Amino acid sequence: MSKVLTTREADYSQWYNDLVIKGELADHSAVRGCMVIKPYGYALWENMRDQLDKRFKETGHVNAYFPIFIPKSLFEAEEKNAEGFAKECAIVTHYRLKADPDNKGKLIVDPEAKLEEELIVRPTSEAIIWNTYKGWIQSYRDLPLLINQWANVVRWEMRTRLFLRTAEFLWQEGHTAHATKQEAIEETERMLEVYAEFVENFMAVPVIRGVKTPNERFAGAEETYCIEALMQDGKALQAGTSHFLGQNFAKAFDVQFMNKENKQEFVWATSWGVSTRLIGALIMAHSDDQGLILPPRIAPIQVVIIPIYKGEESKKIIDEKAAVIIKSLQSSGIKVKYDNNDNARPGWKFAEYELKGVPVRIALGLRDIENNVVEVARRDTKEKQTISLDGLDEKIISLLEDIQQKIYNKALDFKNANSKEANNWEDFVKMLDDKGGFISAHWDGTPESEEKIKELTKATIRCIPLNNKKEEGKCILTGNASSQRVVFARAY
RNA sequence: CGGGAUGUAGCGUAGCCCGGUUAUCGCGCCUCGUUUGGGACGAGGAGGUCGCAAGUUCGAAUCUUGCCAUCCCGACCA
């Protein structure tokens with residue numbers, strides 16, 4: 001039998017695409033650069049979304065929804081932001097089609113229906129939201145304003161990739177307004193930590209927390225905080241960002257409030273977001289050649305039960321026994337699926353659920369029922385064991401926990417093994433070409449050398465880690481003095 | 001958007017260079033039977049705008065042009 005997936009040595013991209021498509025997460029769509037998220041993939045997204053949403057609410061945020069269309073005049077109000085996104089915007093210019101007089105059955109854009117002002121399909125919502133906030137904020141009593149939106153955005157990227165960079169993607173974007181700079185910075189840092197904890201504890205992907213260099217900053221931000229994850233091919237992936245926007249948007253949209261001293265002040269802003277790109281991170285961080293490996297805490301199906309029977313009669317007995325087990329597992333809060341589809345044989349189902357990354361598989365046959373046991377297999381290590389049905393729920397719960405931990409530890413070991421320090425240019429280049437990974441090196445702090453390094457090696461500064469230790473050294477490129485190391489990597 | 005490659009049934013493909021009857025094969029799908037502890041077997045069957053459009057030709061999956069999509073390399077990308 002041939003391998004289900006191509007090996008990553010042969011073609012990492014193909015391996016990744018196979019995981020997405022054969023793992024039933026998403027498909028290419030007929031629309032350029034867009035994807036269709038399939039039910040299984042969407043269920044995964046919903047689980048991630050629910051966990052994040054819960055944390056947003058715990059930190060005082062509420063959800064709202066703003067328009068998908070942004071009038072051009074609003075969009076261009078914050079100059080840097082507009083400039084940064086201008087090259088990748090989809091634009092609505094007309095509002096009507098009409099029958100093509102020269103081509104029966106076809107439609108053309110009605111030239112009569114040209115919009116007075118073009119509408120930009122949001123690539124991000126700062127503009128429309130800050131324009132709205134202007135009407136909501138008058139006094140310090142209206143602050144802080146802590147709002148999140150779950151939405152889709154469109155960025156017309158040159159080159160797209162399932163989940164990682166699609167033309168349209170799903171995300172959440174938090175937009176907050178504060179009375180003081182300090183408070184806004186605290187919010188920015190708080191939300192970065194919310195992301196970091198979610199990605200590490202639920203997605204089992206270890207990250208580096210840091211800030212971007214000015215070059216890599218969000219357009220319109222004073223400071224961009226980020227979490228960076230490492231994929232199995234040694235490339236880095238930006239998994240989430242949290243921006244301190246200063247008063248840039250408040251000034252651009254004239255959002256002022258009256259402080260306690262009866263003085264008008266501009267508010268301080270933050271924005272932060274994570275997207276369906278996280279699913280790409282999940283896939284590339286954990287999966288193997290047999291398919292996806294999903295962490296139990298966010299897996300749409302945590303346990304799949306596969307009956308093994310001969311003939312209708314034994315099927316019935318097993319169905320009944322399974323029903324009891326399922327009810328019990330469900331009452332313990334476990335997401336369980338029973339696949340007694342008669343069309344597929346057990347071996348096929350085993351492979352299928354491995355491809356989909358279901359953490360635990362239980363096989364249940366007549367001989368198990370006789371012995372009051374089940375066969376339990378875990379996806380991460382592929383180990384199988386026969387365990388007693390007595391106290392099954394507790395055993396499964398602790399098994400799921402163990403899988404969650406093991407997956408994380410494995411990814412952490414990988415990240416640690418592939419995080420190195422380079423002290424000269426030769427080593428630096430060699431490390432990048434060899435295994436990639438996070439490379440910690442000195443940089444003189446100038447945009448010029450950052451750019452040059454990127455040009456020469458394709459590596460970018462992923463971040464300056466938070467709480468970075470100060471260390472005297474010499475820039476890897478120029479040899480100029482440097483006060484700290486920064487993290488380089490080739491990235492998606 | 002530049003360079004390269006690709007597009008044939010749900011998936012993977014042969015055929016294309018050198019145009020010619022009814023488009024090849026495997027998997028999957030449907031029916032019946034035997035099966036069921038790691039992707040079952042037999043027999044029969046269904047399924048195709050050959051990516052789309054135009055052109056050349058008596059005749060186009062095959063040649064030409066344009067467009068669309070996908071992949072790779074660039075450029076681009078908070």
# chains A, B, ... in the order shown; residues from 1 in each chain; ligands from 1
>>> residues_around(residues="B:C68", least_positions_apart="6", cutoff="9 Å", atoms="only C-alpha atoms (C1' of nucleotides)", output="list in words")
Arg32 of chain A; G51 and C52 of chain B
>>> write_last_selection(atoms="C-alpha atoms (C1' of nucleotides)", output="CSV table (one decimal), in the first residue's frame")
chain,number,residue,atom,x,y,z
A,32,ARG,CA,-8.9,32.9,-6.5
B,51,G,C1',-10.1,23.9,-16.8
B,52,C,C1',-12.9,28.0,-19.8
>>> residues_around(residues="A:Cys226", least_positions_apart="4", cutoff="9 Å", atoms="only C-alpha atoms (C1' of nucleotides)", output="VMD selection string")
chain A and resid 192 196 208 to 212 238 to 243 462 to 463
>>> interface_residues(of="chain B", to="chain A", cutoff="9 Å", atoms="only C-alpha atoms (C1' of nucleotides)", output="count of residues only")
15
>>> select_by_dssp(residues="stretch 168-398 of chain A", states="strand (DSSP E)", output="NGL selection string")
:A and (168-178 or 207-211 or 223-230 or 236-246 or 256-258 or 264-266 or 268-275 or 303-308 or 336-338 or 360-365 or 373-378 or 384-388)
>>> select_by_dssp(residues="stretch 21-252 of chain A", states="helix (DSSP H, G or I)", output="count of residues only")
82
>>> atom_distance(atom1="atom CA of A:Thr270", atom2="atom CA of A:Gln247")
9.4 Å
>>> residues_around(residues="A:Leu477", least_positions_apart="4", cutoff="8 Å", atoms="only C-alpha atoms (C1' of nucleotides)", output="ChimeraX atom specification")
/A:425,443,449,453
>>> atom_distance(atom1="atom CA of A:Ala82", atom2="atom CA of A:Ile464")
25.8 Å
